Amino acid sequence: MPEGSAPESFELDHNAVVAPYVRIAADKALRNGGHLTKYDVRFSQPNKEHLPMPVVHSIEHALATTLRTHSDDVIDISPMGCQTGFYVAVDGPTDVDAFFELLATGLADVLELTETPAATEKQCGFAASHDLEGAKAAIKKFLAGRDEWSRVFSH
Ligand SMILES: [Zn+2]
């Protein structure tokens, strides 16, 4: 493996972070022009707690929908396999304040949903595995910590 090819997140000390937080995981000039910013949106304290998979899944579906109603710059929302958060990839230069606002707005929209978007067997690979109410509870807790989003490390 070429030196430096490990994903950025493998270099992060997961013992040193304090959830909830939002961190810039990648700030990348693209080869063909343009810019991509990838945010680490951490809901749960690593190795102490995690979200149940149906909750992760419903947040993924719901946020993929609500964020895009407010911004054309959202490229991707991916759940972390460790079930502690999500990656959000955004087209454009890094603007943390704008992203916080977008994220807070998109998450608040999820609280108003009455069903998980695209949770049918036609639209989803595991349509039975959703928990919108659990997603809302996790989002409320995450939003309540908004003042601490920019504080990533405990020291
Ligand atoms: Zn799905």
# chains A, B, ... in the order shown; residues from 1 in each chain; ligands from 1

$ closest_atom_pairs --of "stretch 47-127 of chain A" --to "stretch 25-38 of chain A" --cutoff "7 Å" --atoms "only C-alpha atoms" --output "JSON lines"
{"residue": "A:Tyr87", "atom": "CA", "partner": "A:Lys38", "partner_atom": "CA", "distance": 6.5}
{"residue": "A:Val88", "atom": "CA", "partner": "A:Lys38", "partner_atom": "CA", "distance": 5.6}
{"residue": "A:Ala89", "atom": "CA", "partner": "A:Lys38", "partner_atom": "CA", "distance": 4.2}
{"residue": "A:Val90", "atom": "CA", "partner": "A:Thr37", "partner_atom": "CA", "distance": 5.2}
{"residue": "A:Asp91", "atom": "CA", "partner": "A:Leu36", "partner_atom": "CA", "distance": 4.9}
{"residue": "A:Gly92", "atom": "CA", "partner": "A:His35", "partner_atom": "CA", "distance": 4.9}
{"residue": "A:Pro93", "atom": "CA", "partner": "A:His35", "partner_atom": "CA", "distance": 5.7}
{"residue": "A:Thr94", "atom": "CA", "partner": "A:Thr37", "partner_atom": "CA", "distance": 5.8}

$ write_last_selection --atoms "all heavy atoms" --output "PDB file, in the first residue's frame"
ATOM      1  N   TYR A  87     -20.900  10.304   7.502  1.00  0.00           N
ATOM      2  CA  TYR A  87     -20.089  11.200   6.700  1.00  0.00           C
ATOM      3  C   TYR A  87     -21.016  11.931   5.735  1.00  0.00           C
ATOM      4  O   TYR A  87     -21.912  11.323   5.145  1.00  0.00           O
ATOM      5  CB  TYR A  87     -19.041  10.435   5.896  1.00  0.00           C
ATOM      6  CG  TYR A  87     -17.925   9.885   6.741  1.00  0.00           C
ATOM      7  CD1 TYR A  87     -17.769   8.517   6.930  1.00  0.00           C
ATOM      8  CD2 TYR A  87     -17.029  10.744   7.371  1.00  0.00           C
ATOM      9  CE1 TYR A  87     -16.749   8.018   7.710  1.00  0.00           C
ATOM     10  CE2 TYR A  87     -15.998  10.251   8.162  1.00  0.00           C
ATOM     11  CZ  TYR A  87     -15.871   8.886   8.323  1.00  0.00           C
ATOM     12  OH  TYR A  87     -14.856   8.391   9.109  1.00  0.00           O
ATOM     13  N   VAL A  88     -20.792  13.232   5.611  1.00  0.00           N
ATOM     14  CA  VAL A  88     -21.532  14.014   4.630  1.00  0.00           C
ATOM     15  C   VAL A  88     -20.511  14.679   3.715  1.00  0.00           C
ATOM     16  O   VAL A  88     -19.634  15.418   4.181  1.00  0.00           O
ATOM     17  CB  VAL A  88     -22.415  15.091   5.298  1.00  0.00           C
ATOM     18  CG1 VAL A  88     -23.200  15.868   4.242  1.00  0.00           C
ATOM     19  CG2 VAL A  88     -23.388  14.456   6.300  1.00  0.00           C
ATOM     20  N   ALA A  89     -20.598  14.394   2.428  1.00  0.00           N
ATOM     21  CA  ALA A  89     -19.698  14.981   1.432  1.00  0.00           C
ATOM     22  C   ALA A  89     -20.412  16.133   0.735  1.00  0.00           C
ATOM     23  O   ALA A  89     -21.555  15.995   0.302  1.00  0.00           O
ATOM     24  CB  ALA A  89     -19.277  13.925   0.418  1.00  0.00           C
ATOM     25  N   VAL A  90     -19.722  17.269   0.669  1.00  0.00           N
ATOM     26  CA  VAL A  90     -20.308  18.487   0.122  1.00  0.00           C
ATOM     27  C   VAL A  90     -19.417  19.013  -1.000  1.00  0.00           C
ATOM     28  O   VAL A  90     -18.190  19.051  -0.871  1.00  0.00           O
ATOM     29  CB  VAL A  90     -20.468  19.554   1.231  1.00  0.00           C
ATOM     30  CG1 VAL A  90     -21.020  20.852   0.663  1.00  0.00           C
ATOM     31  CG2 VAL A  90     -21.363  19.043   2.358  1.00  0.00           C
ATOM     32  N   ASP A  91     -20.049  19.416  -2.069  1.00  0.00           N
ATOM     33  CA  ASP A  91     -19.362  20.024  -3.215  1.00  0.00           C
ATOM     34  C   ASP A  91     -19.100  21.487  -2.892  1.00  0.00           C
ATOM     35  O   ASP A  91     -20.035  22.238  -2.607  1.00  0.00           O
ATOM     36  CB  ASP A  91     -20.295  19.891  -4.437  1.00  0.00           C
ATOM     37  CG  ASP A  91     -19.727  20.530  -5.694  1.00  0.00           C
ATOM     38  OD1 ASP A  91     -18.599  21.044  -5.675  1.00  0.00           O
ATOM     39  OD2 ASP A  91     -20.456  20.511  -6.707  1.00  0.00           O
ATOM     40  N   GLY A  92     -17.847  21.886  -2.912  1.00  0.00           N
ATOM     41  CA  GLY A  92     -17.539  23.295  -2.695  1.00  0.00           C
ATOM     42  C   GLY A  92     -16.536  23.502  -1.588  1.00  0.00           C
ATOM     43  O   GLY A  92     -16.200  22.580  -0.852  1.00  0.00           O
ATOM     44  N   PRO A  93     -16.019  24.740  -1.481  1.00  0.00           N
ATOM     45  CA  PRO A  93     -15.029  25.033  -0.459  1.00  0.00           C
ATOM     46  C   PRO A  93     -15.607  24.865   0.944  1.00  0.00           C
ATOM     47  O   PRO A  93     -16.805  24.992   1.157  1.00  0.00           O
ATOM     48  CB  PRO A  93     -14.649  26.498  -0.726  1.00  0.00           C
ATOM     49  CG  PRO A  93     -15.683  27.033  -1.635  1.00  0.00           C
ATOM     50  CD  PRO A  93     -16.359  25.889  -2.304  1.00  0.00           C
ATOM     51  N   THR A  94     -14.748  24.562   1.885  1.00  0.00           N
ATOM     52  CA  THR A  94     -15.171  24.330   3.257  1.00  0.00           C
ATOM     53  C   THR A  94     -15.769  25.595   3.857  1.00  0.00           C
ATOM     54  O   THR A  94     -15.170  26.664   3.809  1.00  0.00           O
ATOM     55  CB  THR A  94     -13.951  23.893   4.098  1.00  0.00           C
ATOM     56  OG1 THR A  94     -13.386  22.748   3.480  1.00  0.00           O
ATOM     57  CG2 THR A  94     -14.360  23.562   5.511  1.00  0.00           C
TER      58      THR A  94
END

$ closest_atom_pairs --of "chain A" --to "ligand 1" --cutoff "12 Å" --atoms "only C-alpha atoms and all ligand atoms" --output "tab-separated table"
residue	atom	partner	partner_atom_place_in_ligand_line	distance
A:Met53	CA	ligand 1	1 (Zn)	10.9
A:Pro54	CA	ligand 1	1 (Zn)	9.4
A:Val55	CA	ligand 1	1 (Zn)	11.1
A:Val56	CA	ligand 1	1 (Zn)	9.9
A:His57	CA	ligand 1	1 (Zn)	6.2
A:Ser58	CA	ligand 1	1 (Zn)	7.6
A:Ile59	CA	ligand 1	1 (Zn)	9.9
A:Glu60	CA	ligand 1	1 (Zn)	7.8
A:His61	CA	ligand 1	1 (Zn)	6.4
A:Ala62	CA	ligand 1	1 (Zn)	10.0
A:Leu63	CA	ligand 1	1 (Zn)	11.9
A:Ala64	CA	ligand 1	1 (Zn)	10.7
A:Ile77	CA	ligand 1	1 (Zn)	11.9
A:Ser78	CA	ligand 1	1 (Zn)	11.0
A:Pro79	CA	ligand 1	1 (Zn)	10.7
A:Thr116	CA	ligand 1	1 (Zn)	9.7
A:Pro117	CA	ligand 1	1 (Zn)	9.1
A:Ala118	CA	ligand 1	1 (Zn)	7.3
A:Ala119	CA	ligand 1	1 (Zn)	6.3
A:Thr120	CA	ligand 1	1 (Zn)	8.4
A:Glu121	CA	ligand 1	1 (Zn)	8.8
A:Lys122	CA	ligand 1	1 (Zn)	10.0
A:Gln123	CA	ligand 1	1 (Zn)	7.2
A:Cys124	CA	ligand 1	1 (Zn)	4.1
A:Gly125	CA	ligand 1	1 (Zn)	5.3
A:Phe126	CA	ligand 1	1 (Zn)	5.7
A:Ala127	CA	ligand 1	1 (Zn)	6.1
A:Ala128	CA	ligand 1	1 (Zn)	9.1
A:Ser129	CA	ligand 1	1 (Zn)	8.0
A:His130	CA	ligand 1	1 (Zn)	8.1
A:Asp131	CA	ligand 1	1 (Zn)	11.4

$ residues_around --residues "A:Leu113" --least-positions-apart "5" --cutoff "10 Å" --atoms "only C-alpha atoms" --output "ChimeraX atom specification"
/A:62,66,108,132-133,136

$ closest_residue --among "A:Ser71, A:Thr105, A:Ser154, A:Thr84" --to "A:Ser44" --atoms "only C-alpha atoms"
A:Thr84

$ select_by_dssp --residues "stretch 1-153 of chain A" --states "strand (DSSP E or B)" --output "JSON, numbers by chain"
{"A": [17, 21, 22, 23, 24, 25, 26, 27, 28, 29, 35, 36, 37, 38, 39, 40, 41, 42, 74, 75, 76, 77, 78, 79, 85, 86, 87, 88, 89, 90, 91, 153]}

$ write_last_selection --atoms "C-alpha atoms" --output "mmCIF file, in the first residue's frame"
data_model
loop_
_atom_site.group_PDB
_atom_site.id
_atom_site.type_symbol
_atom_site.label_atom_id
_atom_site.label_comp_id
_atom_site.auth_asym_id
_atom_site.auth_seq_id
_atom_site.Cartn_x
_atom_site.Cartn_y
_atom_site.Cartn_z
ATOM 1 C CA VAL A 17 -12.917 12.837 20.713
ATOM 2 C CA TYR A 21 -19.248 16.851 17.200
ATOM 3 C CA VAL A 22 -18.816 17.806 13.549
ATOM 4 C CA ARG A 23 -15.312 17.543 12.150
ATOM 5 C CA ILE A 24 -13.748 18.144 8.744
ATOM 6 C CA ALA A 25 -12.614 14.682 7.679
ATOM 7 C CA ALA A 26 -11.443 15.720 4.210
ATOM 8 C CA ASP A 27 -10.845 19.033 2.515
ATOM 9 C CA LYS A 28 -9.813 18.063 -0.948
ATOM 10 C CA ALA A 29 -9.053 19.852 -4.180
ATOM 11 C CA HIS A 35 -13.421 21.032 -4.243
ATOM 12 C CA LEU A 36 -14.900 18.444 -1.927
ATOM 13 C CA THR A 37 -15.409 18.726 1.813
ATOM 14 C CA LYS A 38 -16.253 15.639 3.817
ATOM 15 C CA TYR A 39 -17.659 16.106 7.305
ATOM 16 C CA ASP A 40 -17.554 13.594 10.148
ATOM 17 C CA VAL A 41 -20.924 14.048 11.866
ATOM 18 C CA ARG A 42 -20.590 12.136 15.114
ATOM 19 C CA VAL A 74 -24.709 17.687 -0.911
ATOM 20 C CA ILE A 75 -22.989 14.835 -2.747
ATOM 21 C CA ASP A 76 -23.384 11.964 -0.321
ATOM 22 C CA ILE A 77 -24.473 10.916 3.155
ATOM 23 C CA SER A 78 -22.965 7.679 4.403
ATOM 24 C CA PRO A 79 -23.507 5.896 7.691
ATOM 25 C CA GLY A 85 -22.227 8.775 13.024
ATOM 26 C CA PHE A 86 -22.295 9.748 9.376
ATOM 27 C CA TYR A 87 -20.089 11.200 6.700
ATOM 28 C CA VAL A 88 -21.532 14.014 4.630
ATOM 29 C CA ALA A 89 -19.698 14.981 1.432
ATOM 30 C CA VAL A 90 -20.308 18.487 0.122
ATOM 31 C CA ASP A 91 -19.362 20.024 -3.215
ATOM 32 C CA PHE A 153 -11.344 16.770 21.255
#

$ atom_distance --atom1 "atom CA of A:Val18" --atom2 "atom CA of A:Asn47"
11.3 Å

$ closest_residue --among "A:Ala6, A:His14, A:Gln83, A:Leu51" --to "A:Ala137" --atoms "only C-alpha atoms"
A:Leu51

$ closest_residue --among "A:Ala135, A:Phe43, A:Met80, A:Asp13" --to "A:Thr114" --atoms "only C-alpha atoms"
A:Ala135

$ atom_distance --atom1 "atom CA of A:Arg146" --atom2 "atom CA of A:Pro20"
7.9 Å

$ select_by_dssp --residues "chain A" --states "alpha helix (DSSP H)" --output "VMD selection string"
chain A and resid 53 to 70 96 to 111 132 to 144

$ atom_distance --atom1 "atom CA of A:Glu148" --atom2 "atom CA of A:Asp72"
26.6 Å
